[in-house]
Amino acid sequence: EDKVVQSPLSLVVHEGDTVTLNCSYEVTNFRSLLWYKQEKKAPTFLFMLTSSGIEKKSGRLSSILDKKELFSILNITATQTGDSAVYLCAVEFRAGGTSYGKLTFGQGTILTVHP
Amino acid sequence: EAQVTQNPRYLITVTGKKLTVTCSQNMNHEYMSWYRQDPGLGLRQIYYSMNVEVTDKGDVPEGYKVSRKEKRNFPLILESPSPNQTSLYFCASSQVRLAPYNEQFFGPGTRLTVL
(Lines give C-alpha, C1' and ligand atoms only; values in the text may rest on other atoms or scores of the structure.)
Protein backbone atom coordinates (compact mmCIF):
# COMPACT_ATOMS: atom_id res chain seq x y z
CA GLU A 1 0.00 0.00 0.00
CA ASP A 2 1.33 3.43 -0.91
CA LYS A 3 1.93 5.59 2.11
CA VAL A 4 3.58 8.77 3.29
CA VAL A 5 4.49 9.24 6.94
CA GLN A 6 5.55 12.49 8.54
CA SER A 7 7.28 12.96 11.87
CA PRO A 8 7.01 14.41 14.34
CA LEU A 9 3.25 14.98 14.30
CA SER A 10 3.70 18.15 16.33
CA LEU A 11 6.58 20.28 17.46
CA VAL A 12 6.82 23.26 19.81
CA VAL A 13 9.91 25.48 19.67
CA HIS A 14 11.01 29.01 20.53
CA GLU A 15 11.89 31.71 18.10
CA GLY A 16 15.40 31.33 16.80
CA ASP A 17 15.45 27.54 17.04
CA THR A 18 16.19 25.33 14.05
CA VAL A 19 13.73 22.55 13.24
CA THR A 20 13.87 19.49 11.03
CA LEU A 21 10.71 17.89 9.74
CA ASN A 22 10.74 14.41 8.29
CA CYS A 23 8.80 12.70 5.54
CA SER A 24 9.24 9.05 4.59
CA TYR A 25 7.39 7.28 1.83
CA GLU A 26 6.65 3.94 0.28
CA VAL A 27 5.21 4.27 -3.21
CA THR A 28 5.71 2.63 -6.57
CA ASN A 29 6.67 4.67 -9.64
CA PHE A 30 7.76 7.68 -7.62
CA ARG A 31 8.00 10.92 -9.54
CA SER A 32 8.29 13.81 -7.10
CA LEU A 33 7.95 14.87 -3.48
CA LEU A 34 6.37 18.14 -2.51
CA TRP A 35 6.25 20.25 0.62
CA TYR A 36 3.42 22.62 1.50
CA LYS A 37 2.73 25.05 4.32
CA GLN A 38 -0.80 25.38 5.60
CA GLU A 39 -1.95 28.10 7.95
CA LYS A 40 -5.63 28.65 8.63
CA LYS A 41 -6.47 28.40 4.95
CA ALA A 42 -5.45 26.57 1.79
CA PRO A 43 -1.96 25.03 1.49
CA THR A 44 0.76 27.01 -0.19
CA PHE A 45 3.54 25.39 -2.19
CA LEU A 46 7.08 25.37 -0.79
CA PHE A 47 9.25 22.92 -2.71
CA MET A 48 9.19 20.17 -5.26
CA LEU A 49 11.99 17.58 -5.21
CA THR A 50 12.68 15.02 -7.87
CA SER A 51 16.41 14.28 -7.66
CA SER A 52 18.31 12.77 -4.80
CA GLY A 53 20.82 14.86 -2.92
CA ILE A 54 19.98 18.23 -4.46
CA GLU A 55 18.98 20.77 -1.86
CA LYS A 56 16.22 23.23 -2.60
CA LYS A 57 16.45 26.46 -0.66
CA SER A 58 14.23 29.46 -0.11
CA GLY A 59 15.31 31.91 2.55
CA ARG A 60 15.40 30.12 5.89
CA LEU A 61 13.74 27.01 4.49
CA SER A 62 15.54 24.18 2.75
CA SER A 63 14.72 20.65 1.75
CA ILE A 64 16.50 17.60 0.44
CA LEU A 65 15.43 14.23 -0.90
CA ASP A 66 17.05 10.82 -0.45
CA LYS A 67 15.56 8.47 -3.04
CA LYS A 68 17.60 5.51 -1.86
CA GLU A 69 16.36 5.70 1.72
CA LEU A 70 12.94 7.04 0.63
CA PHE A 71 12.72 10.14 2.75
CA SER A 72 12.93 13.89 2.69
CA ILE A 73 13.62 16.52 5.32
CA LEU A 74 12.48 20.11 5.58
CA ASN A 75 14.71 22.40 7.60
CA ILE A 76 13.71 25.76 8.99
CA THR A 77 16.48 27.84 10.55
CA ALA A 78 16.05 30.82 12.88
CA THR A 79 12.35 30.09 13.27
CA GLN A 80 9.86 32.92 13.65
CA THR A 81 6.31 32.98 15.01
CA GLY A 82 5.11 33.34 11.42
CA ASP A 83 6.48 29.86 10.70
CA SER A 84 3.76 28.38 12.91
CA ALA A 85 1.67 26.22 10.60
CA VAL A 86 0.99 22.70 9.48
CA TYR A 87 3.66 21.41 7.11
CA LEU A 88 2.47 18.86 4.62
CA CYS A 89 4.51 16.43 2.59
CA ALA A 90 3.07 14.81 -0.55
CA VAL A 91 4.40 12.26 -2.98
CA GLU A 92 3.43 12.11 -6.64
CA PHE A 93 3.46 8.74 -8.34
CA ARG A 94 1.80 6.65 -10.99
CA ALA A 95 -0.73 4.17 -9.73
CA GLY A 96 -1.26 1.10 -11.89
CA GLY A 97 -1.77 1.96 -15.53
CA THR A 98 -2.85 5.53 -14.98
CA SER A 99 -0.92 8.62 -15.83
CA TYR A 100 1.12 10.51 -13.28
CA GLY A 101 -0.78 12.96 -11.16
CA LYS A 102 -1.78 10.84 -8.17
CA LEU A 103 -0.77 12.49 -4.93
CA THR A 104 -0.64 10.99 -1.46
CA PHE A 105 -0.15 13.32 1.50
CA GLY A 106 1.29 12.64 4.91
CA GLN A 107 -0.67 13.53 8.05
CA GLY A 108 1.22 16.77 8.46
CA THR A 109 3.48 18.20 11.18
CA ILE A 110 2.01 20.94 13.36
CA LEU A 111 4.76 23.43 14.13
CA THR A 112 4.23 25.98 16.88
CA VAL A 113 6.84 28.69 17.37
CA HIS A 114 6.65 30.64 20.63
CA PRO A 115 8.11 34.14 20.97
CA GLU B 1 -6.01 37.97 -10.91
CA ALA B 2 -4.87 34.36 -11.22
CA GLN B 3 -7.02 32.24 -8.98
CA VAL B 4 -8.94 29.07 -8.27
CA THR B 5 -12.50 29.65 -7.14
CA GLN B 6 -14.82 27.24 -5.39
CA ASN B 7 -18.52 27.51 -4.74
CA PRO B 8 -20.13 27.33 -2.35
CA ARG B 9 -17.65 28.11 0.42
CA TYR B 10 -19.94 26.68 3.08
CA LEU B 11 -22.76 24.19 2.71
CA ILE B 12 -24.97 22.35 5.15
CA THR B 13 -27.12 19.67 3.58
CA VAL B 14 -28.96 16.49 4.43
CA THR B 15 -28.19 12.87 3.67
CA GLY B 16 -29.08 11.82 0.15
CA LYS B 17 -29.60 15.24 -1.41
CA LYS B 18 -27.42 15.50 -4.50
CA LEU B 19 -25.00 18.41 -4.57
CA THR B 20 -22.28 19.85 -6.76
CA VAL B 21 -19.27 21.86 -5.65
CA THR B 22 -17.88 23.90 -8.50
CA CYS B 23 -14.22 24.64 -9.14
CA SER B 24 -12.95 27.04 -11.75
CA GLN B 25 -9.47 28.33 -12.62
CA ASN B 26 -8.48 31.18 -14.89
CA MET B 27 -4.84 30.20 -15.49
CA ASN B 28 -5.33 27.79 -18.41
CA HIS B 29 -3.97 24.95 -16.28
CA GLU B 30 -4.16 21.42 -17.60
CA TYR B 31 -4.08 19.68 -14.22
CA MET B 32 -6.88 19.93 -11.65
CA SER B 33 -7.51 17.93 -8.54
CA TRP B 34 -9.92 17.58 -5.62
CA TYR B 35 -8.89 16.88 -2.02
CA ARG B 36 -10.64 16.45 1.26
CA GLN B 37 -9.09 17.35 4.57
CA ASP B 38 -10.10 15.78 7.86
CA PRO B 39 -8.53 16.25 11.31
CA GLY B 40 -5.61 13.89 11.84
CA LEU B 41 -5.75 12.55 8.28
CA GLY B 42 -4.11 15.32 6.32
CA LEU B 43 -5.16 15.93 2.74
CA ARG B 44 -6.49 13.03 0.72
CA GLN B 45 -6.89 13.13 -3.01
CA ILE B 46 -10.35 12.31 -4.35
CA TYR B 47 -10.01 12.66 -8.12
CA TYR B 48 -7.63 14.37 -10.48
CA SER B 49 -7.56 15.34 -14.12
CA MET B 50 -4.54 15.78 -16.35
CA ASN B 51 -6.56 17.45 -19.11
CA VAL B 52 -10.02 17.78 -20.63
CA GLU B 53 -11.96 14.50 -20.64
CA VAL B 54 -9.17 12.75 -18.67
CA THR B 55 -9.93 11.92 -15.04
CA ASP B 56 -8.44 9.41 -12.60
CA LYS B 57 -9.22 8.23 -9.10
CA GLY B 58 -7.22 9.41 -6.14
CA ASP B 59 -7.06 7.69 -2.78
CA VAL B 60 -10.67 8.23 -1.71
CA PRO B 61 -12.97 8.37 -4.78
CA GLU B 62 -15.90 6.41 -3.32
CA GLY B 63 -19.10 8.44 -3.20
CA TYR B 64 -17.82 11.15 -5.53
CA LYS B 65 -17.97 11.88 -9.24
CA VAL B 66 -16.17 14.44 -11.36
CA SER B 67 -16.21 15.65 -14.92
CA ARG B 68 -13.81 17.70 -17.02
CA LYS B 69 -15.71 18.93 -20.04
CA GLU B 70 -13.89 22.25 -20.16
CA LYS B 71 -10.33 23.08 -19.23
CA ARG B 72 -11.25 25.71 -16.66
CA ASN B 73 -13.92 23.76 -14.72
CA PHE B 74 -13.73 20.64 -12.60
CA PRO B 75 -16.94 20.13 -10.60
CA LEU B 76 -17.18 17.64 -7.73
CA ILE B 77 -20.50 15.81 -7.54
CA LEU B 78 -21.91 14.00 -4.54
CA GLU B 79 -24.84 11.98 -5.85
CA SER B 80 -26.05 10.84 -2.43
CA PRO B 81 -24.10 12.57 0.32
CA SER B 82 -23.63 10.83 3.64
CA PRO B 83 -22.43 12.17 7.01
CA ASN B 84 -18.95 10.64 6.51
CA GLN B 85 -18.48 13.08 3.65
CA THR B 86 -18.59 15.97 6.07
CA SER B 87 -15.21 17.57 5.46
CA LEU B 88 -13.21 20.51 4.16
CA TYR B 89 -12.75 20.23 0.39
CA PHE B 90 -10.03 21.84 -1.69
CA CYS B 91 -9.70 22.13 -5.42
CA ALA B 92 -6.27 22.77 -6.95
CA SER B 93 -4.78 23.36 -10.36
CA SER B 94 -1.38 23.61 -12.01
CA GLN B 95 0.36 23.50 -15.33
CA VAL B 96 1.55 20.08 -16.46
CA ARG B 97 4.44 20.73 -18.80
CA LEU B 98 7.52 19.18 -17.21
CA ALA B 99 6.00 18.43 -13.83
CA PRO B 100 2.48 18.97 -12.56
CA TYR B 101 3.18 20.39 -9.20
CA ASN B 102 5.27 23.44 -9.46
CA GLU B 103 3.06 26.19 -8.18
CA GLN B 104 -0.03 24.11 -7.55
CA PHE B 105 -2.69 26.70 -6.75
CA PHE B 106 -5.35 25.81 -4.22
CA GLY B 107 -8.85 27.20 -4.00
CA PRO B 108 -10.11 28.68 -0.73
CA GLY B 109 -11.89 25.52 0.37
CA THR B 110 -15.50 24.42 0.78
CA ARG B 111 -16.67 23.36 4.20
CA LEU B 112 -19.39 20.75 3.77
CA THR B 113 -21.60 19.39 6.54
CA VAL B 114 -23.93 16.49 5.81
CA LEU B 115 -26.59 15.92 8.46
# chains A, B, ... in the order shown; residues from 1 in each chain; ligands from 1
$ interface_residues --of "chain A" --to "chain B" --cutoff "12 Å" --atoms "only C-alpha atoms" --output "tab-separated table (two decimals) with N, CA, C and O atoms, in the first residue's frame"
chain	number	residue	atom	x	y	z
A	1	GLU	N	0.85	-1.19	0.00
A	1	GLU	CA	0.00	0.00	0.00
A	1	GLU	C	0.89	1.24	0.00
A	1	GLU	O	1.85	1.33	0.76
A	2	ASP	N	0.57	2.18	-0.85
A	2	ASP	CA	1.33	3.43	-0.91
A	2	ASP	C	1.08	4.25	0.34
A	2	ASP	O	-0.07	4.42	0.74
A	3	LYS	N	2.15	4.76	0.93
A	3	LYS	CA	1.93	5.59	2.11
A	3	LYS	C	3.04	6.60	2.29
A	3	LYS	O	4.16	6.44	1.81
A	4	VAL	N	2.67	7.67	2.98
A	4	VAL	CA	3.58	8.77	3.29
A	4	VAL	C	3.42	9.06	4.78
A	4	VAL	O	2.31	9.27	5.26
A	5	VAL	N	4.53	9.06	5.50
A	5	VAL	CA	4.49	9.24	6.94
A	5	VAL	C	5.38	10.42	7.33
A	5	VAL	O	6.56	10.46	6.97
A	6	GLN	N	4.80	11.33	8.08
A	6	GLN	CA	5.55	12.49	8.54
A	6	GLN	C	5.82	12.38	10.04
A	6	GLN	O	5.02	11.85	10.80
A	9	LEU	N	4.59	14.50	14.62
A	9	LEU	CA	3.25	14.98	14.30
A	9	LEU	C	3.07	16.41	14.80
A	9	LEU	O	2.30	17.18	14.20
A	10	SER	N	3.75	16.76	15.88
A	10	SER	CA	3.70	18.15	16.33
A	10	SER	C	5.02	18.50	17.00
A	10	SER	O	5.74	17.63	17.50
A	31	ARG	N	7.59	9.89	-8.59
A	31	ARG	CA	8.00	10.92	-9.54
A	31	ARG	C	8.54	12.15	-8.82
A	31	ARG	O	9.56	12.70	-9.20
A	32	SER	N	7.83	12.61	-7.79
A	32	SER	CA	8.29	13.81	-7.10
A	32	SER	C	7.76	13.85	-5.68
A	32	SER	O	6.79	13.17	-5.35
A	33	LEU	N	8.40	14.65	-4.85
A	33	LEU	CA	7.95	14.87	-3.48
A	33	LEU	C	7.77	16.36	-3.30
A	33	LEU	O	8.62	17.15	-3.75
A	34	LEU	N	6.70	16.73	-2.65
A	34	LEU	CA	6.37	18.14	-2.51
A	34	LEU	C	6.14	18.50	-1.05
A	34	LEU	O	5.64	17.70	-0.28
A	35	TRP	N	6.51	19.71	-0.71
A	35	TRP	CA	6.25	20.25	0.62
A	35	TRP	C	5.32	21.45	0.50
A	35	TRP	O	5.48	22.30	-0.39
A	36	TYR	N	4.36	21.51	1.44
A	36	TYR	CA	3.42	22.62	1.50
A	36	TYR	C	3.36	23.17	2.92
A	36	TYR	O	3.58	22.43	3.89
A	37	LYS	N	3.00	24.42	3.02
A	37	LYS	CA	2.73	25.05	4.32
A	37	LYS	C	1.26	25.41	4.36
A	37	LYS	O	0.72	25.97	3.41
A	38	GLN	N	0.60	25.05	5.47
A	38	GLN	CA	-0.80	25.38	5.60
A	38	GLN	C	-1.05	26.11	6.91
A	38	GLN	O	-0.86	25.56	7.98
A	39	GLU	N	-1.50	27.35	6.78
A	39	GLU	CA	-1.95	28.10	7.95
A	39	GLU	C	-3.47	27.94	8.00
A	39	GLU	O	-3.99	26.93	7.56
A	40	LYS	N	-4.19	28.91	8.47
A	40	LYS	CA	-5.63	28.65	8.63
A	40	LYS	C	-6.39	28.86	7.31
A	40	LYS	O	-7.40	29.54	7.24
A	41	LYS	N	-5.87	28.25	6.27
A	41	LYS	CA	-6.47	28.40	4.95
A	41	LYS	C	-5.91	27.31	4.05
A	41	LYS	O	-5.49	26.27	4.53
A	42	ALA	N	-5.91	27.57	2.75
A	42	ALA	CA	-5.45	26.57	1.79
A	42	ALA	C	-3.92	26.42	1.86
A	42	ALA	O	-3.20	27.35	2.20
A	43	PRO	N	-3.41	25.24	1.52
A	43	PRO	CA	-1.96	25.03	1.49
A	43	PRO	C	-1.27	25.91	0.46
A	43	PRO	O	-1.85	26.21	-0.59
A	44	THR	N	-0.05	26.28	0.77
A	44	THR	CA	0.76	27.01	-0.19
A	44	THR	C	2.02	26.20	-0.47
A	44	THR	O	2.61	25.61	0.42
A	45	PHE	N	2.43	26.20	-1.72
A	45	PHE	CA	3.54	25.39	-2.19
A	45	PHE	C	4.86	25.92	-1.67
A	45	PHE	O	5.11	27.13	-1.66
A	46	LEU	N	5.73	25.00	-1.22
A	46	LEU	CA	7.08	25.37	-0.79
A	46	LEU	C	8.13	24.83	-1.76
A	46	LEU	O	8.88	25.61	-2.35
A	47	PHE	N	8.21	23.52	-1.89
A	47	PHE	CA	9.25	22.92	-2.71
A	47	PHE	C	8.73	21.70	-3.46
A	47	PHE	O	7.82	21.03	-2.99
A	48	MET	N	9.36	21.44	-4.58
A	48	MET	CA	9.19	20.17	-5.26
A	48	MET	C	10.57	19.55	-5.46
A	48	MET	O	11.49	20.24	-5.91
A	49	LEU	N	10.71	18.28	-5.11
A	49	LEU	CA	11.99	17.58	-5.21
A	49	LEU	C	11.82	16.36	-6.08
A	49	LEU	O	10.88	15.58	-5.90
A	50	THR	N	12.74	16.20	-7.01
A	50	THR	CA	12.68	15.02	-7.87
A	50	THR	C	14.00	14.25	-7.87
A	50	THR	O	14.02	13.06	-8.15
A	86	VAL	N	0.90	24.13	9.75
A	86	VAL	CA	0.99	22.70	9.48
A	86	VAL	C	1.82	22.53	8.22
A	86	VAL	O	1.56	23.20	7.21
A	87	TYR	N	2.82	21.67	8.27
A	87	TYR	CA	3.66	21.41	7.11
A	87	TYR	C	3.30	20.04	6.55
A	87	TYR	O	3.33	19.03	7.25
A	88	LEU	N	2.94	20.07	5.28
A	88	LEU	CA	2.47	18.86	4.62
A	88	LEU	C	3.48	18.38	3.59
A	88	LEU	O	4.04	19.18	2.84
A	89	CYS	N	3.67	17.07	3.58
A	89	CYS	CA	4.51	16.43	2.59
A	89	CYS	C	3.61	15.61	1.68
A	89	CYS	O	2.64	14.99	2.15
A	90	ALA	N	3.86	15.61	0.39
A	90	ALA	CA	3.07	14.81	-0.55
A	90	ALA	C	4.00	14.15	-1.56
A	90	ALA	O	5.03	14.73	-1.93
A	91	VAL	N	3.61	12.98	-1.98
A	91	VAL	CA	4.40	12.26	-2.98
A	91	VAL	C	3.55	12.03	-4.22
A	91	VAL	O	2.39	11.61	-4.11
A	92	GLU	N	4.11	12.33	-5.37
A	92	GLU	CA	3.43	12.11	-6.64
A	92	GLU	C	3.96	10.82	-7.24
A	92	GLU	O	5.16	10.57	-7.26
A	93	PHE	N	3.04	9.99	-7.74
A	93	PHE	CA	3.46	8.74	-8.34
A	93	PHE	C	2.42	8.29	-9.35
A	93	PHE	O	1.38	8.93	-9.52
A	94	ARG	N	2.73	7.21	-10.02
A	94	ARG	CA	1.80	6.65	-10.99
A	94	ARG	C	1.23	5.37	-10.41
A	94	ARG	O	1.98	4.47	-10.04
A	95	ALA	N	-0.08	5.33	-10.32
A	95	ALA	CA	-0.73	4.17	-9.73
A	95	ALA	C	-1.25	3.27	-10.85
A	95	ALA	O	-2.06	3.70	-11.67
A	96	GLY	N	-0.79	2.05	-10.90
A	96	GLY	CA	-1.26	1.10	-11.89
A	96	GLY	C	-0.99	1.58	-13.30
A	96	GLY	O	0.10	2.03	-13.61
A	97	GLY	N	-1.98	1.55	-14.16
A	97	GLY	CA	-1.77	1.96	-15.53
A	97	GLY	C	-2.15	3.39	-15.81
A	97	GLY	O	-2.19	3.82	-16.95
A	98	THR	N	-2.41	4.15	-14.76
A	98	THR	CA	-2.85	5.53	-14.98
A	98	THR	C	-1.66	6.43	-15.25
A	98	THR	O	-0.51	6.05	-15.12
A	99	SER	N	-1.96	7.63	-15.63
A	99	SER	CA	-0.92	8.62	-15.83
A	99	SER	C	-0.39	9.08	-14.48
A	99	SER	O	-0.94	8.76	-13.43
A	100	TYR	N	0.67	9.85	-14.49
A	100	TYR	CA	1.12	10.51	-13.28
A	100	TYR	C	0.07	11.53	-12.86
A	100	TYR	O	-0.79	11.92	-13.64
A	101	GLY	N	0.17	11.97	-11.65
A	101	GLY	CA	-0.78	12.96	-11.16
A	101	GLY	C	-1.42	12.55	-9.86
A	101	GLY	O	-2.06	13.35	-9.20
A	102	LYS	N	-1.22	11.29	-9.44
A	102	LYS	CA	-1.78	10.84	-8.17
A	102	LYS	C	-0.88	11.33	-7.05
A	102	LYS	O	0.33	11.19	-7.10
A	103	LEU	N	-1.50	11.92	-6.05
A	103	LEU	CA	-0.77	12.49	-4.93
A	103	LEU	C	-1.24	11.85	-3.64
A	103	LEU	O	-2.44	11.76	-3.39
A	104	THR	N	-0.30	11.44	-2.80
A	104	THR	CA	-0.64	10.99	-1.46
A	104	THR	C	0.08	11.89	-0.47
A	104	THR	O	1.29	12.10	-0.58
A	105	PHE	N	-0.69	12.41	0.49
A	105	PHE	CA	-0.15	13.32	1.50
A	105	PHE	C	0.12	12.57	2.80
A	105	PHE	O	-0.56	11.60	3.14
A	106	GLY	N	1.09	13.07	3.54
A	106	GLY	CA	1.29	12.64	4.91
A	106	GLY	C	0.28	13.34	5.82
A	106	GLY	O	-0.50	14.19	5.38
A	107	GLN	N	0.32	12.97	7.11
A	107	GLN	CA	-0.67	13.53	8.05
A	107	GLN	C	-0.36	14.98	8.41
A	107	GLN	O	-1.22	15.69	8.91
A	108	GLY	N	0.84	15.40	8.13
A	108	GLY	CA	1.22	16.77	8.46
A	108	GLY	C	1.95	16.87	9.78
A	108	GLY	O	1.76	16.03	10.68
A	109	THR	N	2.80	17.86	9.92
A	109	THR	CA	3.48	18.20	11.18
A	109	THR	C	3.00	19.58	11.60
A	109	THR	O	3.10	20.53	10.83
A	110	ILE	N	2.46	19.65	12.82
A	110	ILE	CA	2.01	20.94	13.36
A	110	ILE	C	3.19	21.58	14.07
A	110	ILE	O	3.69	21.06	15.06
$ residues_around --residues "A:Gln80" --least-positions-apart "6" --cutoff "9 Å" --atoms "only C-alpha atoms" --output "list in words"
His14, Glu15, Gly16, Asp17, Val113, His114 and Pro115 of chain A
$ write_last_selection --atoms "N, CA and C atoms" --output "mmCIF file, in the first residue's frame"
data_model
loop_
_atom_site.group_PDB
_atom_site.id
_atom_site.type_symbol
_atom_site.label_atom_id
_atom_site.label_comp_id
_atom_site.auth_asym_id
_atom_site.auth_seq_id
_atom_site.Cartn_x
_atom_site.Cartn_y
_atom_site.Cartn_z
ATOM 1 N N HIS A 14 10.952 27.571 20.295
ATOM 2 C CA HIS A 14 11.012 29.009 20.527
ATOM 3 C C HIS A 14 11.659 29.688 19.334
ATOM 4 N N GLU A 15 11.315 30.932 19.191
ATOM 5 C CA GLU A 15 11.889 31.714 18.101
ATOM 6 C C GLU A 15 13.404 31.576 18.099
ATOM 7 N N GLY A 16 13.961 31.433 16.920
ATOM 8 C CA GLY A 16 15.402 31.326 16.795
ATOM 9 C C GLY A 16 15.887 29.887 16.697
ATOM 10 N N ASP A 17 15.056 28.950 17.130
ATOM 11 C CA ASP A 17 15.451 27.541 17.043
ATOM 12 C C ASP A 17 15.476 27.076 15.590
ATOM 13 N N VAL A 113 5.662 27.923 16.987
ATOM 14 C CA VAL A 113 6.842 28.689 17.368
ATOM 15 C C VAL A 113 6.420 29.752 18.374
ATOM 16 N N HIS A 114 6.958 29.656 19.585
ATOM 17 C CA HIS A 114 6.653 30.636 20.631
ATOM 18 C C HIS A 114 7.660 31.775 20.602
ATOM 19 N N PRO A 115 7.182 33.008 20.961
ATOM 20 C CA PRO A 115 8.111 34.142 20.968
ATOM 21 C C PRO A 115 9.174 33.975 22.039
#
$ atom_distance --atom1 "atom CA of B:Lys71" --atom2 "atom CA of B:Thr113"
28.4 Å
$ residues_around --residues "A:Leu74" --least-positions-apart "2" --cutoff "9 Å" --atoms "only C-alpha atoms" --output "PyMOL selection string"
chain A and resi 19-23+35+61-64+72+76
$ atom_distance --atom1 "atom CA of A:Asn75" --atom2 "atom CA of A:Ser52"
16.1 Å
$ select_by_dssp --residues "stretch 35-103 of chain A" --states "strand (DSSP E)" --output "ChimeraX atom specification"
/A:35-38,44-49,56-58,61-66,71-76,85-94,100-103
$ closest_residue --among "B:Ser94, B:Thr22, B:Ser87, B:Ser67" --to "B:Val114" --atoms "only C-alpha atoms"
B:Ser87
